[in-house]
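Note sheet for the following structure.
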Amino acid sequence: MTHPLIQHKLTLMRQKDRSTNSFRRLLGEISMLMAYEVTRDMPTQLIDIETPLEKMQGPVIEGRKTVFVSIMRAGAGFLDGMLNVVPGARVGHIGLYRDPKTLGAIEYYFKMPHDMHERDAIVLDPMLATGNSAVAAVDRLKETQPKSIRFVCLLAAPEGLAHFHAAHPDVPVYTAAIDRELNEHGYILPGLGDAGDRIFGTK
């Protein structure tokens, strides 16, 4: 996503001396801007309303058919901004952590709304690094058979994108930037550090 406001805020977030409060606020702002792009083709339905002058039919989004799926814990930083734009959406959670030795994803929590086959899922995780967590999350999500799946991240590495697209070629990825590469520890370069730690002020 090349919108100047998204790119401007992303640059500010990359700065290493950015405070936790500022980082969290910027992520919320970016997530609202990205929600605008991700929901561009969201289905609408006509409802009857009455303006101060007359009756008419107007389009409204089918927000209750949308599920934001937050990959814990860093996905929580994306969630509030998205919900500000689509407040009628349901929310699912997938708890994953990265094994520091293998870099593989280990699941510890999974909770989705009912009737996922009627819903469009938008998966949220700020970083698509190795792609292991993203692939594992979408593998698990597909078991619920949602109508559609989209993946939204702030930053992606070429290695992670290749891994994700090889596993899930049917799932589009929306990102603000594709960075240069991964380092030997699986962190994105130049990146912005560990998104979860910067959101929550932990190490």
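Residue numbering restarts at 1 in every chain; chains get A, B, ... in the order shown in the structure tokens, and ligands count up from 1 in that same order.
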
Report the residues of segment 15-176 of chain A whose backbone DSSP state falls under helix (DSSP H, G or I), written as JSON, numbers by chain.
{"A": [20, 21, 22, 23, 24, 25, 26, 27, 28, 29, 30, 31, 32, 33, 34, 35, 36, 37, 38, 63, 64, 65, 75, 76, 77, 78, 79, 80, 81, 82, 83, 84, 85, 116, 117, 118, 132, 133, 134, 135, 136, 137, 138, 139, 140, 141, 142, 158, 159, 160, 161, 162, 163, 164, 165, 166, 167]}

Residues near segment 62-69 of chain A, anyone? I mean within 9 Å using only C-alpha atoms, not counting same-chain ones fewer than 3 positions away, as a PyMOL selection string.
chain A and resi 42-45+75+79+82-83+86-94+112-113+116+118-125+141

Using only C-alpha atoms, what table do you get, as a Markdown table, when you list each residue of segment 47-86 of chain A with an atom no more than 12 Å from segment 154-171 of chain A, its nearest pair of atoms, and their distance in Å rounded to one decimal, rows by chain then rising number?
| residue | atom | partner | partner_atom | distance |
| --- | --- | --- | --- | --- |
| A:Ala74 | CA | A:Leu154 | CA | 10.9 |
| A:Gly75 | CA | A:Leu154 | CA | 10.3 |
| A:Gly77 | CA | A:Leu154 | CA | 10.7 |
| A:Phe78 | CA | A:Leu154 | CA | 8.9 |

Within 12 Å of segment 194-199 of chain A, counting only C-alpha atoms, which residues show up once you throw out same-chain ones fewer than 2 positions away? Write them as a count of residues only, please.
45

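Taking atom CA of Arg150 of chain A as the reference point, atom CA of Tyr174 of chain A is found at 7.7 Å.
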